[in-house]
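Undergrad: I'd like to ask some things about the structure below.
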Amino acid sequence: MHRQKENELPIKRRRVTRRHFVAATAAVVATHATAIKVPQVIASLSSQEWGDLTGRLVYMGKPPERQKLVVDRDVECCGKYDIRDESLMVGREGGLMNVFIYLRSRPARICSELAERMPEKVVLDNRDCIFIPHCMTVWYPRQKYHIINSDPIAQNVAFSPLGDRAANIIMTPPPDPAAEAWWEFRRSQTVPVLVKCNYHPWESAYVLPRDNPYMAVTGPDGSFQIEKLPVGKAEFQVWQERIGYLHIERWPKGRFEISIKPGLNDLGTIAISGQLFQV
Amino acid sequence: MNTVGRAAWEMLSWGIRAFGGGFAIAVLGGIILGSAGGCNPASPAAFRLNLEGREPRRISFLQRESLEELMVELFGTPDEPRLPPGVELNLELLRMAAGPAIRMGDEEGYGRQRRGLYREHCARCHGISGDGAGPAALVLHPYPRDFRWGIFKYTSTLPGLKPTRADLRQVLRRGLPGTAMPSFARLDPIELEALVEYVIYLSIRGETERYAVQLILDEDEPLPLSIVSKERIIEEGAQWAYQQWLIPESDPQQYVVVPPPPPEVSMPAAWADSVAKGRELYRSERAQCVKCHGPEGAGDGEQTDLYDDWNLAKKGVTPAQTARLSALFSLPLQRLKARDFRAGIFHGGSRAEDLYLRIHIGIKGTPMPGVGPNGDNPGVLQLEEIWHIVHFIQDLAGQNPFSQKATGAAGRNPLLSELSGSTFGK
């Protein structure tokens, strides 16, 4: 009897404190908001408050041949496509594609024009047995991640962001309602997250969820543009899927600092040696 | 006998029971080598720093020291647990589970184990740090769970969410049939509760550590850590992880899946009908079961390159990359095998409702996806359709309630069916 009493005590005490704590934080938990502070969106003030950052990354050297990937599943559907490695893509005029450039420092504020202008959702499409686009960004407090399947076969989308919910979703062929899915990220990632399909091992993509819109992926000509940055000092991170942080002499550990001035801030053309990618 | 000697002896005799002489000799050798190497047996137990997947030569002494100090400051030691502000676990329960595994006798020489439960029951496989890399881990398949990822496989909560305490309690009570995880149903309820609390503690600790390691090693947080940095680690690491544990129980209706009543199968014809429907769904383009589990449920689908999240981290694109990467982890790369239903052994339990949850929610941290509705997403199968698949799988497993001669292993072996099945742990 004595032992039992002793046994019960800690549990009771725990329940009381937990219930108390849950009640106190119920609102917080219910909305998934947490201790993590998200930067504030501020009305534009004047154009003197904001600057744009642009630049272009160019691959130096002979562009590597993109390896053909082994397509051995759902061959009747996927076999007809020329599916190749996307981990190093050189586009028009030597432009280095699919490089993530994102604000590493905390933005003092976010321009409200961006909140109005940027689409409410960003789409990851399973099309022709690959993910399109291969690299994308999500401003997660504002933008929803919309995943769709356009192929006549079932697909799977799986990703495990660090410290956030992991996803593993079956996507049926359209027009079934399960041919689309919505996903909410709940925290920023410091590096892009790998997205895989468990059915088709050759499929991969990267997504970067962040709490601010100040990020970009280089396009087919290697150029990028990050609009309406708050004026002042800012540090950026540059990341490429094959080598991770894009470490070059002027960007140690793939980072650079710049003082954003009102209007246009152009980094110009940045040459990236092809030797970096021989890993 | 002193306590260290006794602990070593206990471990040794356990080794003999569990793995035979070879293990015992290895352990004995380890002890002798350890003492010859100047290892101080009196030094208090310490958590092992989580540097999995990282090249040791790239980590500076200062980084290592700062991480170790920070983790002790926030979470204490294996002997003396501590909690960072805002992480409201029950320290009294944690203290029961923590500490060295010593039996404290009362005046008659008998007594309940009130301390050191985790090291007594769990640490050999799951490791003192909850890293799933205890002394016995290497020979186990699947590996013991590494709690530091904050992912648990068999839960009743929607995909991506933490398990409920009841889920963890159930795993402790019933064990995981078909794996090395035994049932701890014989422990006192309060002791089970202490272990559940301690597993959550190790998990929150592990997630906080991963966050801090990333901040210090990848993000070059200035060292020694400032108060602001520490606050950030507490808020975005520890408190965040803790709050994830509160979510399922804050609104069970929304986040916890309760299997709906199954369709009526009390007559053999109705059962056969449900099994047939299940077979069709199982092979359908919607459910996609065949891809991994094979057309007859033998676990021989075309997908063979299956890995859980813990092992996926060790895989590179090329075999050479994989070899280089996995050398940076405590345990070598381990491939998953899709379940062969015919054996009738299911890690998450083989009651109908267990199977239902595995299919509706999926198995977290593995390629097994959930097919049921999840929040805004409708899911690929209706709830009743999931039940048909459950019945089909039970049929494959020889758990057909109308069959005189059940064919699966569970049917053949009454002990097995009890362990993995319907009568245990209710």
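All residue names refer to the structure tokens as shown: chains lettered A, B, ... in order, residues numbered from 1 in each chain, ligands numbered from 1 in order.
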If we count only C-alpha atoms and set the cut-off at 10 Å, which residues sit around range 216-228 of chain A, ignoring sequence neighbours fewer than 3 positions away in its own chain? Please answer as number ranges by chain.
TA: A: 44, 47, 49-59, 89-103, 110-114, 135-138, 208, 213, 231, 238-240, 260, 262-266, 268-270
Undergrad: For the residues in the current selection, export C-alpha atoms as an mmCIF file, in the first residue's frame.
TA:
```
data_model
loop_
_atom_site.group_PDB
_atom_site.id
_atom_site.type_symbol
_atom_site.label_atom_id
_atom_site.label_comp_id
_atom_site.auth_asym_id
_atom_site.auth_seq_id
_atom_site.Cartn_x
_atom_site.Cartn_y
_atom_site.Cartn_z
ATOM 1 C CA SER A 44 6.594 49.793 -48.375
ATOM 2 C CA SER A 47 11.377 53.101 -52.535
ATOM 3 C CA GLU A 49 13.901 51.627 -48.114
ATOM 4 C CA TRP A 50 14.392 48.709 -50.481
ATOM 5 C CA GLY A 51 16.944 47.398 -52.955
ATOM 6 C CA ASP A 52 17.136 44.556 -55.475
ATOM 7 C CA LEU A 53 20.029 42.121 -55.752
ATOM 8 C CA THR A 54 20.886 40.588 -59.102
ATOM 9 C CA GLY A 55 23.749 38.592 -60.579
ATOM 10 C CA ARG A 56 24.654 35.798 -62.921
ATOM 11 C CA LEU A 57 26.613 32.603 -62.263
ATOM 12 C CA VAL A 58 28.638 31.228 -65.145
ATOM 13 C CA TYR A 59 30.206 27.790 -65.372
ATOM 14 C CA MET A 89 22.962 21.876 -64.962
ATOM 15 C CA VAL A 90 24.634 24.311 -67.294
ATOM 16 C CA GLY A 91 22.178 26.300 -69.380
ATOM 17 C CA ARG A 92 22.294 29.094 -71.932
ATOM 18 C CA GLU A 93 25.686 30.761 -72.478
ATOM 19 C CA GLY A 94 27.290 28.776 -69.703
ATOM 20 C CA GLY A 95 24.779 29.878 -67.089
ATOM 21 C CA LEU A 96 24.974 27.718 -63.934
ATOM 22 C CA MET A 97 21.415 26.684 -63.175
ATOM 23 C CA ASN A 98 19.665 25.556 -59.998
ATOM 24 C CA VAL A 99 21.899 27.331 -57.504
ATOM 25 C CA PHE A 100 20.126 28.522 -54.358
ATOM 26 C CA ILE A 101 20.976 32.048 -53.174
ATOM 27 C CA TYR A 102 19.269 33.094 -49.961
ATOM 28 C CA LEU A 103 19.480 35.644 -47.210
ATOM 29 C CA ILE A 110 9.818 42.349 -45.320
ATOM 30 C CA CYS A 111 8.378 44.580 -48.017
ATOM 31 C CA SER A 112 4.583 44.317 -48.127
ATOM 32 C CA GLU A 113 4.628 44.594 -51.930
ATOM 33 C CA LEU A 114 6.157 41.126 -52.011
ATOM 34 C CA CYS A 135 14.831 23.417 -57.340
ATOM 35 C CA MET A 136 12.378 25.747 -55.686
ATOM 36 C CA THR A 137 11.850 28.000 -52.680
ATOM 37 C CA VAL A 138 8.853 28.378 -50.363
ATOM 38 C CA LEU A 208 14.029 25.443 -49.492
ATOM 39 C CA PRO A 213 10.938 35.743 -49.334
ATOM 40 C CA VAL A 231 18.415 48.526 -47.268
ATOM 41 C CA VAL A 238 24.941 30.134 -51.875
ATOM 42 C CA TRP A 239 24.226 26.404 -52.180
ATOM 43 C CA GLN A 240 24.442 23.930 -55.012
ATOM 44 C CA ILE A 260 22.166 46.727 -49.977
ATOM 45 C CA PRO A 262 18.268 51.583 -52.606
ATOM 46 C CA GLY A 263 17.551 50.499 -56.163
ATOM 47 C CA LEU A 264 19.606 47.992 -58.090
ATOM 48 C CA ASN A 265 22.571 46.115 -56.595
ATOM 49 C CA ASP A 266 24.185 44.079 -59.339
ATOM 50 C CA GLY A 268 27.657 41.186 -62.210
ATOM 51 C CA THR A 269 28.912 37.940 -63.645
ATOM 52 C CA ILE A 270 30.494 35.481 -61.255
#
```
Undergrad: List as a ChimeraX atom specification the protein and nucleic acid residues near range 375-383 of chain B, meaning an atom at most 7 Å away when only C-alpha atoms are counted, but skip any in the same chain fewer than 6 places from it.
TA: /A:172,178,181-182 /B:286-287
Undergrad: Residues of the last selection are to be written out with N, CA and C atoms, as a CSV table (one decimal), in the first residue's frame.
TA:
```
chain,number,residue,atom,x,y,z
A,172,THR,N,-1.9,9.6,-56.6
A,172,THR,CA,-2.6,8.8,-57.6
A,172,THR,C,-2.5,9.5,-59.0
A,178,ALA,N,-6.7,12.5,-55.1
A,178,ALA,CA,-5.4,12.3,-54.4
A,178,ALA,C,-4.2,12.5,-55.4
A,181,ALA,N,-1.7,17.3,-53.5
A,181,ALA,CA,-1.6,17.4,-52.1
A,181,ALA,C,-1.1,18.8,-51.7
A,182,TRP,N,-1.4,19.2,-50.5
A,182,TRP,CA,-0.9,20.4,-49.9
A,182,TRP,C,0.0,20.1,-48.7
B,286,ARG,N,-4.0,2.7,-57.1
B,286,ARG,CA,-4.2,3.7,-56.0
B,286,ARG,C,-3.4,3.4,-54.8
B,287,ALA,N,-3.5,2.2,-54.3
B,287,ALA,CA,-2.8,1.9,-53.0
B,287,ALA,C,-1.3,1.6,-53.2
```
Undergrad: Pull out every residue of chain B that has at least one atom within 7 Å of chain A, counting only C-alpha atoms, and report them as JSON, numbers by chain.
TA: {"B": [90, 92, 93, 159, 160, 161, 190, 235, 236, 240, 247, 250, 285, 286, 303, 367, 369, 370, 371, 376, 377, 378, 379, 380]}
Undergrad: Please identify all polymer residues within 8 Å of Lys68 in chain A, counting only C-alpha atoms, omitting same-chain residues fewer than 2 positions from it, and present them as a ChimeraX atom specification.
TA: /A:66,70,82-85
Undergrad: Any chance you can output those residues with N, CA and C atoms as a PDB file, in the first residue's frame?
TA:
```
ATOM      1  N   ARG A  66      25.515  15.284 -69.070  1.00  0.00           N
ATOM      2  CA  ARG A  66      24.604  14.821 -68.014  1.00  0.00           C
ATOM      3  C   ARG A  66      24.332  13.339 -68.201  1.00  0.00           C
ATOM      4  N   VAL A  70      19.209   5.461 -64.634  1.00  0.00           N
ATOM      5  CA  VAL A  70      18.598   4.141 -64.817  1.00  0.00           C
ATOM      6  C   VAL A  70      17.092   4.249 -64.556  1.00  0.00           C
ATOM      7  N   ASP A  82      13.815  10.832 -71.938  1.00  0.00           N
ATOM      8  CA  ASP A  82      15.276  10.861 -71.797  1.00  0.00           C
ATOM      9  C   ASP A  82      15.573  11.501 -70.440  1.00  0.00           C
ATOM     10  N   ILE A  83      15.672  10.664 -69.399  1.00  0.00           N
ATOM     11  CA  ILE A  83      15.817  11.204 -68.044  1.00  0.00           C
ATOM     12  C   ILE A  83      17.285  11.222 -67.667  1.00  0.00           C
ATOM     13  N   ARG A  84      17.777  12.403 -67.340  1.00  0.00           N
ATOM     14  CA  ARG A  84      19.204  12.563 -67.061  1.00  0.00           C
ATOM     15  C   ARG A  84      19.438  13.228 -65.704  1.00  0.00           C
ATOM     16  N   ASP A  85      20.635  13.039 -65.226  1.00  0.00           N
ATOM     17  CA  ASP A  85      21.083  13.619 -63.961  1.00  0.00           C
ATOM     18  C   ASP A  85      20.899  15.138 -63.961  1.00  0.00           C
TER      19      ASP A  85
END
```
Undergrad: So which residues of range 61-267 of chain A fall under helix (DSSP H, G or I) by DSSP, listed as a PyMOL selection string?
TA: chain A and resi 75-78+92-94+112-117+177-179+252-254
Undergrad: Keeping only C-alpha atoms, write the selected residues to a file as a PDB file, in the first residue's frame.
TA:
```
ATOM      1  CA  VAL A  75       9.091   1.486 -67.900  1.00  0.00           C
ATOM      2  CA  GLU A  76       6.054   1.548 -70.177  1.00  0.00           C
ATOM      3  CA  CYS A  77       5.357   5.106 -69.008  1.00  0.00           C
ATOM      4  CA  CYS A  78       8.764   6.471 -67.989  1.00  0.00           C
ATOM      5  CA  ARG A  92      22.294  29.094 -71.932  1.00  0.00           C
ATOM      6  CA  GLU A  93      25.686  30.761 -72.478  1.00  0.00           C
ATOM      7  CA  GLY A  94      27.290  28.776 -69.703  1.00  0.00           C
ATOM      8  CA  SER A 112       4.583  44.317 -48.127  1.00  0.00           C
ATOM      9  CA  GLU A 113       4.628  44.594 -51.930  1.00  0.00           C
ATOM     10  CA  LEU A 114       6.157  41.126 -52.011  1.00  0.00           C
ATOM     11  CA  ALA A 115       3.360  39.765 -49.867  1.00  0.00           C
ATOM     12  CA  GLU A 116       0.862  41.120 -52.379  1.00  0.00           C
ATOM     13  CA  ARG A 117       2.739  40.163 -55.496  1.00  0.00           C
ATOM     14  CA  PRO A 177      -8.508  13.822 -55.926  1.00  0.00           C
ATOM     15  CA  ALA A 178      -5.366  12.297 -54.399  1.00  0.00           C
ATOM     16  CA  ALA A 179      -3.400  13.403 -57.471  1.00  0.00           C
ATOM     17  CA  PRO A 252      34.191  31.456 -48.328  1.00  0.00           C
ATOM     18  CA  LYS A 253      31.832  28.669 -47.227  1.00  0.00           C
ATOM     19  CA  GLY A 254      29.447  29.871 -49.922  1.00  0.00           C
TER      20      GLY A 254
END
```
Undergrad: What is the CA of Leu246 in chain B-CA of Leu83 in chain B distance in Å, reported with one decimal?
TA: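 CA of Leu83 in chain B lies at a distance of 16.2 Å from CA of Leu246 in chain B.
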Undergrad: Looking only at strand (DSSP E or B) from DSSP on the backbone, list the matching residues of range 56-279 of chain A as JSON, numbers by chain.
TA: {"A": [56, 57, 58, 59, 60, 68, 84, 90, 95, 96, 99, 100, 101, 102, 103, 110, 111, 121, 122, 123, 124, 125, 126, 127, 130, 131, 132, 135, 136, 137, 138, 139, 144, 145, 146, 147, 148, 149, 155, 156, 157, 158, 159, 167, 168, 169, 170, 171, 180, 181, 182, 183, 193, 194, 195, 196, 204, 205, 206, 207, 208, 209, 210, 215, 216, 217, 223, 224, 225, 226, 227, 228, 229, 230, 232, 233, 234, 235, 236, 237, 238, 239, 240, 244, 245, 248, 251, 255, 256, 257, 258, 259, 260, 263, 264, 265, 266, 267, 268, 269, 270, 271, 272, 273]}
Undergrad: If you count only C-alpha atoms, which residues fall within 8 Å of Trp149 in chain B, apart from same-chain ones fewer than 5 positions away, as a list in words?
TA: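 Once the nearby chain positions are removed, what remains is Ser203, Gly206 and Glu207 of chain B.
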Undergrad: If I take CA of Trp271 in chain B and CA of Ile393 in chain B, how far is one from the other in Å, to one decimal?
TA: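 Interatomic distance, CA of Trp271 in chain B to CA of Ile393 in chain B: 12.2 Å.
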Undergrad: Glu193 in chain B: which residues within 9 Å, counting only C-alpha atoms, same-chain residues fewer than 4 positions away excluded, as JSON, numbers by chain?
TA: {"A": [11], "B": [93, 165, 169, 188, 189, 197, 198]}
Undergrad: Do a neighbour search on range 345-347 of chain B at 6 Å with only C-alpha atoms, toss out local chain neighbours closer than 6 positions, and write the hits as a ChimeraX atom specification.
TA: /B:176-178
